[in-house]
>>> print(open('entry_7.pdb').read())   # PDB, C-alpha atoms
ATOM      1  CA  MET A   1      83.168  73.359 138.711
ATOM      2  CA  ASN A   2      83.362  74.460 142.310
ATOM      3  CA  VAL A   3      85.269  77.739 142.570
ATOM      4  CA  LEU A   4      86.747  78.982 145.845
ATOM      5  CA  PHE A   5      87.902  82.539 146.523
ATOM      6  CA  PHE A   6      90.332  83.389 149.306
ATOM      7  CA  ALA A   7      91.427  86.557 151.119
ATOM      8  CA  GLN A   8      91.361  89.618 148.797
ATOM      9  CA  ALA A   9      89.853  87.489 146.026
ATOM     10  CA  ALA A  10      86.888  86.699 148.287
ATOM     11  CA  ASP A  11      86.521  90.405 149.042
ATOM     12  CA  ALA A  12      86.540  91.212 145.327
ATOM     13  CA  ALA A  13      84.167  88.390 144.390
ATOM     14  CA  GLY A  14      81.841  89.068 147.300
ATOM     15  CA  CYS A  15      81.695  85.371 148.094
ATOM     16  CA  THR A  16      83.966  82.521 149.140
ATOM     17  CA  THR A  17      82.544  79.755 146.970
ATOM     18  CA  GLU A  18      80.253  79.241 144.002
ATOM     19  CA  HIS A  19      79.415  76.610 141.395
ATOM     20  CA  TRP A  20      79.925  77.127 137.662
ATOM     21  CA  ASP A  21      78.189  74.934 135.082
ATOM     22  CA  ILE A  22      81.261  74.125 132.980
ATOM     23  CA  SER A  23      81.693  70.872 131.060
ATOM     24  CA  GLU A  24      84.968  71.389 129.168
ATOM     25  CA  PRO A  25      88.488  71.985 130.502
ATOM     26  CA  MET A  26      89.245  75.710 130.729
ATOM     27  CA  THR A  27      92.446  77.546 129.911
ATOM     28  CA  LEU A  28      93.586  80.201 132.363
ATOM     29  CA  PRO A  29      92.499  83.064 130.038
ATOM     30  CA  ASP A  30      89.058  81.438 129.695
ATOM     31  CA  PHE A  31      88.820  81.001 133.447
ATOM     32  CA  TRP A  32      89.690  84.621 134.131
ATOM     33  CA  ALA A  33      87.300  85.877 131.459
ATOM     34  CA  GLU A  34      84.477  84.012 133.165
ATOM     35  CA  ALA A  35      85.579  85.047 136.646
ATOM     36  CA  VAL A  36      85.730  88.735 135.721
ATOM     37  CA  ARG A  37      82.410  88.527 133.865
ATOM     38  CA  ARG A  38      80.821  87.243 137.072
ATOM     39  CA  HIS A  39      82.775  89.478 139.429
ATOM     40  CA  PRO A  40      84.192  92.579 137.691
ATOM     41  CA  ALA A  41      86.145  93.627 140.809
ATOM     42  CA  LEU A  42      88.441  90.633 140.289
ATOM     43  CA  ASP A  43      89.934  92.352 137.243
ATOM     44  CA  ALA A  44      91.890  94.719 139.495
ATOM     45  CA  ILE A  45      93.689  91.881 141.296
ATOM     46  CA  ARG A  46      93.874  89.123 138.693
ATOM     47  CA  ALA A  47      97.448  90.007 137.702
ATOM     48  CA  HIS A  48      98.579  89.195 141.241
ATOM     49  CA  CYS A  49      96.519  86.042 141.748
ATOM     50  CA  ARG A  50      97.294  82.416 141.009
ATOM     51  CA  VAL A  51      94.775  79.707 140.215
ATOM     52  CA  ALA A  52      94.817  76.189 141.646
ATOM     53  CA  SER A  53      92.953  73.160 140.343
ATOM     54  CA  ASN A  54      92.506  70.172 142.640
ATOM     55  CA  LEU A  55      95.056  71.570 145.127
ATOM     56  CA  GLU A  56      97.805  72.235 142.558
ATOM     57  CA  TYR A  57      98.841  75.526 140.993
ATOM     58  CA  VAL A  58      97.811  75.769 137.337
ATOM     59  CA  ALA A  59     100.630  76.672 134.949
ATOM     60  CA  GLU A  60     100.094  78.809 131.852
ATOM     61  CA  ASN A  61     100.134  75.776 129.549
ATOM     62  CA  GLN A  62      97.749  73.679 131.648
ATOM     63  CA  THR A  63      93.979  73.493 131.684
ATOM     64  CA  ILE A  64      91.531  73.492 134.580
ATOM     65  CA  ASP A  65      89.506  70.392 135.431
ATOM     66  CA  PRO A  66      85.809  71.294 134.961
ATOM     67  CA  ASP A  67      84.757  68.607 137.450
ATOM     68  CA  GLY A  68      87.259  69.562 140.126
ATOM     69  CA  GLU A  69      87.813  72.239 142.734
ATOM     70  CA  THR A  70      89.321  75.475 141.476
ATOM     71  CA  ALA A  71      90.679  78.190 143.754
ATOM     72  CA  VAL A  72      91.645  81.820 143.201
ATOM     73  CA  LEU A  73      94.659  82.571 145.382
ATOM     74  CA  PRO A  74      96.018  86.074 146.029
ATOM     75  CA  PRO A  75      99.687  86.480 147.013
ATOM     76  CA  VAL A  76     100.251  84.430 150.148
ATOM     77  CA  SER A  77     101.392  85.836 153.496
ATOM     78  CA  GLY A  78     101.626  82.964 155.937
ATOM     79  CA  GLY A  79     104.151  82.401 158.682
TER      80      GLY A  79
ATOM     81  CA  MET B   1     112.077  61.114 157.246
ATOM     82  CA  THR B   2     108.874  61.502 159.234
ATOM     83  CA  ILE B   3     106.763  64.550 158.371
ATOM     84  CA  GLU B   4     103.962  66.010 160.473
ATOM     85  CA  ILE B   5     101.837  68.902 159.245
ATOM     86  CA  HIS B   6      99.246  70.447 161.542
ATOM     87  CA  LEU B   7      96.880  73.334 160.773
ATOM     88  CA  SER B   8      95.046  74.415 163.887
ATOM     89  CA  HIS B   9      92.630  77.078 165.042
ATOM     90  CA  GLU B  10      93.857  76.585 168.619
ATOM     91  CA  PRO B  11      97.058  77.848 170.302
ATOM     92  CA  LEU B  12     100.087  75.857 169.187
ATOM     93  CA  THR B  13     101.865  73.514 171.551
ATOM     94  CA  MET B  14     105.545  72.665 171.824
ATOM     95  CA  ASP B  15     105.695  68.946 172.499
ATOM     96  CA  GLU B  16     109.159  67.461 172.406
ATOM     97  CA  ILE B  17     109.949  66.188 168.950
ATOM     98  CA  LEU B  18     110.350  62.425 168.654
ATOM     99  CA  ALA B  19     113.677  61.596 167.034
ATOM    100  CA  PRO B  20     115.728  58.803 168.532
ATOM    101  CA  GLY B  21     119.243  59.108 167.201
ATOM    102  CA  ALA B  22     119.018  62.792 166.312
ATOM    103  CA  GLY B  23     121.988  64.934 167.265
ATOM    104  CA  ALA B  24     120.296  68.236 166.529
ATOM    105  CA  VAL B  25     116.784  69.469 167.208
ATOM    106  CA  MET B  26     116.057  72.946 165.901
ATOM    107  CA  ARG B  27     112.874  74.923 166.467
ATOM    108  CA  PHE B  28     111.689  78.110 164.769
ATOM    109  CA  THR B  29     108.719  79.934 166.247
ATOM    110  CA  GLY B  30     107.083  82.740 164.278
ATOM    111  CA  VAL B  31     105.260  85.088 166.655
ATOM    112  CA  VAL B  32     102.689  87.814 165.974
ATOM    113  CA  ARG B  33     104.420  91.171 166.408
ATOM    114  CA  PRO B  34     102.814  94.117 168.233
ATOM    115  CA  LEU B  35     103.100  96.434 165.213
ATOM    116  CA  GLU B  36     101.612  95.954 161.748
ATOM    117  CA  ASN B  37     102.578  98.656 159.237
ATOM    118  CA  ASP B  38     103.863 100.696 162.195
ATOM    119  CA  ARG B  39     100.478 100.641 163.936
ATOM    120  CA  PRO B  40      99.884  98.868 167.260
ATOM    121  CA  ILE B  41      97.647  95.829 166.980
ATOM    122  CA  SER B  42      96.227  93.269 169.362
ATOM    123  CA  ALA B  43      95.961  90.349 166.934
ATOM    124  CA  LEU B  44      96.243  89.160 163.348
ATOM    125  CA  VAL B  45      93.658  87.050 161.554
ATOM    126  CA  TYR B  46      94.966  84.230 159.346
ATOM    127  CA  GLU B  47      93.038  82.335 156.689
ATOM    128  CA  GLY B  48      94.187  79.224 154.845
ATOM    129  CA  TYR B  49      93.204  76.961 151.996
ATOM    130  CA  GLU B  50      93.862  74.141 154.397
ATOM    131  CA  PRO B  51      94.078  70.993 152.235
ATOM    132  CA  MET B  52      96.301  72.708 149.673
ATOM    133  CA  ALA B  53      98.434  74.398 152.335
ATOM    134  CA  ALA B  54      99.087  71.038 154.002
ATOM    135  CA  ARG B  55      99.891  69.418 150.684
ATOM    136  CA  ILE B  56     102.301  72.135 149.565
ATOM    137  CA  MET B  57     104.064  72.243 152.923
ATOM    138  CA  ARG B  58     104.611  68.490 152.714
ATOM    139  CA  ASP B  59     105.896  68.780 149.125
ATOM    140  CA  ILE B  60     108.354  71.505 150.166
ATOM    141  CA  ILE B  61     109.702  69.386 153.013
ATOM    142  CA  VAL B  62     110.039  66.273 150.839
ATOM    143  CA  THR B  63     112.026  68.270 148.282
ATOM    144  CA  LEU B  64     114.244  69.870 150.941
ATOM    145  CA  GLY B  65     114.835  66.472 152.538
ATOM    146  CA  GLU B  66     116.422  65.217 149.317
ATOM    147  CA  SER B  67     119.378  67.574 149.743
ATOM    148  CA  HIS B  68     119.221  68.120 153.533
ATOM    149  CA  PRO B  69     118.634  64.757 155.234
ATOM    150  CA  ALA B  70     116.575  64.927 158.398
ATOM    151  CA  ASP B  71     114.884  62.391 160.659
ATOM    152  CA  HIS B  72     111.739  64.256 161.607
ATOM    153  CA  VAL B  73     110.061  67.494 160.555
ATOM    154  CA  ARG B  74     106.994  68.886 162.269
ATOM    155  CA  VAL B  75     105.192  72.039 161.124
ATOM    156  CA  GLN B  76     102.329  73.642 162.983
ATOM    157  CA  HIS B  77     100.554  76.703 161.557
ATOM    158  CA  ARG B  78      97.767  78.397 163.453
ATOM    159  CA  LEU B  79      94.772  79.964 161.671
ATOM    160  CA  GLY B  80      92.042  82.316 162.809
ATOM    161  CA  GLN B  81      92.650  85.164 165.236
ATOM    162  CA  ILE B  82      96.096  85.051 166.843
ATOM    163  CA  PRO B  83      96.884  87.515 169.645
ATOM    164  CA  VAL B  84     100.135  89.478 169.703
ATOM    165  CA  GLY B  85     102.933  87.472 171.273
ATOM    166  CA  GLU B  86     101.456  84.078 170.397
ATOM    167  CA  ALA B  87     102.883  81.697 167.819
ATOM    168  CA  ALA B  88     101.551  81.664 164.267
ATOM    169  CA  ILE B  89     103.954  78.950 163.159
ATOM    170  CA  ILE B  90     106.329  76.453 164.734
ATOM    171  CA  VAL B  91     108.763  74.471 162.595
ATOM    172  CA  GLU B  92     110.789  71.735 164.291
ATOM    173  CA  VAL B  93     113.457  69.637 162.635
ATOM    174  CA  ALA B  94     115.475  66.766 164.077
ATOM    175  CA  SER B  95     118.544  65.589 162.173
ATOM    176  CA  LYS B  96     121.801  63.836 162.868
ATOM    177  CA  HIS B  97     123.783  67.081 162.562
ATOM    178  CA  ARG B  98     122.789  70.727 162.874
ATOM    179  CA  GLY B  99     123.467  71.753 159.264
ATOM    180  CA  PRO B 100     120.477  70.095 157.600
ATOM    181  CA  ALA B 101     118.106  71.209 160.366
ATOM    182  CA  ILE B 102     119.165  74.842 160.022
ATOM    183  CA  GLU B 103     118.937  74.697 156.225
ATOM    184  CA  ILE B 104     115.507  73.075 156.204
ATOM    185  CA  ILE B 105     114.022  75.627 158.578
ATOM    186  CA  SER B 106     115.445  78.596 156.682
ATOM    187  CA  LYS B 107     114.512  77.339 153.226
ATOM    188  CA  PHE B 108     111.124  76.062 154.323
ATOM    189  CA  MET B 109     110.157  79.485 155.667
ATOM    190  CA  ASP B 110     111.324  81.181 152.455
ATOM    191  CA  GLN B 111     109.262  78.791 150.348
ATOM    192  CA  LEU B 112     106.235  78.997 152.633
ATOM    193  CA  LYS B 113     106.099  82.739 152.077
ATOM    194  CA  LEU B 114     106.016  82.183 148.307
ATOM    195  CA  ASP B 115     103.752  79.200 147.783
ATOM    196  CA  VAL B 116     101.726  78.049 150.785
ATOM    197  CA  PRO B 117      98.140  79.362 150.523
ATOM    198  CA  ILE B 118      97.808  81.037 153.908
ATOM    199  CA  TRP B 119      97.020  84.732 154.314
ATOM    200  CA  LYS B 120      97.094  87.375 156.991
ATOM    201  CA  THR B 121      93.705  88.818 156.150
ATOM    202  CA  ARG B 122      93.166  91.384 158.886
ATOM    203  CA  ALA B 123      94.876  93.168 161.739
ATOM    204  CA  ILE B 124      92.833  93.821 164.871
ATOM    205  CA  ALA B 125      93.615  97.333 166.129
ATOM    206  CA  GLN B 126      94.676  97.751 169.720
TER     207      GLN B 126
END
>>> encode(input="entry_7.pdb", output="structure tokens")
Amino acid sequence: MNVLFFAQAADAAGCTTEHWDISEPMTLPDFWAEAVRRHPALDAIRAHCRVASNLEYVAENQTIDPDGETAVLPPVSGG
Amino acid sequence: MTIEIHLSHEPLTMDEILAPGAGAVMRFTGVVRPLENDRPISALVYEGYEPMAARIMRDIIVTLGESHPADHVRVQHRLGQIPVGEAAIIVEVASKHRGPAIEIISKFMDQLKLDVPIWKTRAIAQ
């Protein structure tokens, strides 16, 4: 799984992209557990972030494609 | 309805919108203000998840077009460092009457600020 971090999430993770060796679909709680294990500073902002899989926001009842592109998205501020 | 979405790291341009038959052409330009959190700045830096931002902007416009019929919608959003006074976003809508164009611009901007993955990441101090 390719994981992208944007804006404050990139600051917290200390990187903008990384690869995870994941073979099964992940729930959001599983994803966050792994993300925080790798980057503990993400725990402070996770409540405000959304996760996207293959360019679509992931809802609570959905899983994340292990072969796709996953992104951690802080609150947006465009315009 | 024709939809154009442009994400650019260059200054935005204001070409005339193509809409034969339109009776209303509305344009909203969002400009970088000289103060950020009450402090003078010279520029803002924007970052975007570009493929998803383009996709979500298109989805928003398609949904709005179902209840507010328009002929042509063009959105340009600039990324990177944008100096004070220059445009960060331009939204242009051509429709037969002014009502749908006004509604689309207003509702699009509201939705953009909720869902489109673009961020002001940094203010450059003056």
>>> closest_residue(input="entry_7.pdb", among="B:Ala94, B:Leu7, B:Ala22, B:Ala101", to="Gly80 in chain B", atoms="all atoms listed in the file")
B:Leu7
>>> atom_distance(input="entry_7.pdb", atom1="CA of Glu86 in chain B", atom2="CA of His72 in chain B")
24.0 Å
>>> resolve_selection(input="entry_7.pdb", expression="the ChimeraX specification (/B :<9) & /A", output="list of chain:residue names")
A:Phe6, A:Ala7, A:Gln8, A:Ala52, A:Asn54, A:Leu55, A:Glu56, A:Ala71, A:Leu73, A:Pro74, A:Pro75, A:Val76, A:Ser77, A:Gly78, A:Gly79
>>> closest_residue(input="entry_7.pdb", among="A:Val3, A:Cys49, A:Glu34, A:Asp65", to="Cys15 in chain A", atoms="only C-alpha atoms")
A:Val3
>>> resolve_selection(input="entry_7.pdb", expression="the PyMOL selection byres ((chain A and resi 41-46) around 7)", output="count of residues only")
9
>>> atom_distance(input="entry_7.pdb", atom1="CA of Asp30 in chain A", atom2="CA of Thr17 in chain A")
18.5 Å
>>> residues_around(input="entry_7.pdb", residues="range 58-67 of chain B", least_positions_apart="5", cutoff="8 Å", atoms="only C-alpha atoms", output="list in words")
Met1, Ile3, Ile5, Val73, Ile104, Lys107, Phe108 and Gln111 of chain B
>>> atom_distance(input="entry_7.pdb", atom1="CA of Phe31 in chain A", atom2="CA of Ile64 in chain A")
8.1 Å
>>> closest_residue(input="entry_7.pdb", among="B:Ala123, B:Leu18, B:Val75, B:Met57", to="Ser95 in chain B", atoms="only C-alpha atoms")
B:Leu18
>>> closest_residue(input="entry_7.pdb", among="A:Asn61, A:Thr16, A:Asp11, A:Leu4", to="Pro29 in chain A", atoms="only C-alpha atoms")
A:Asn61
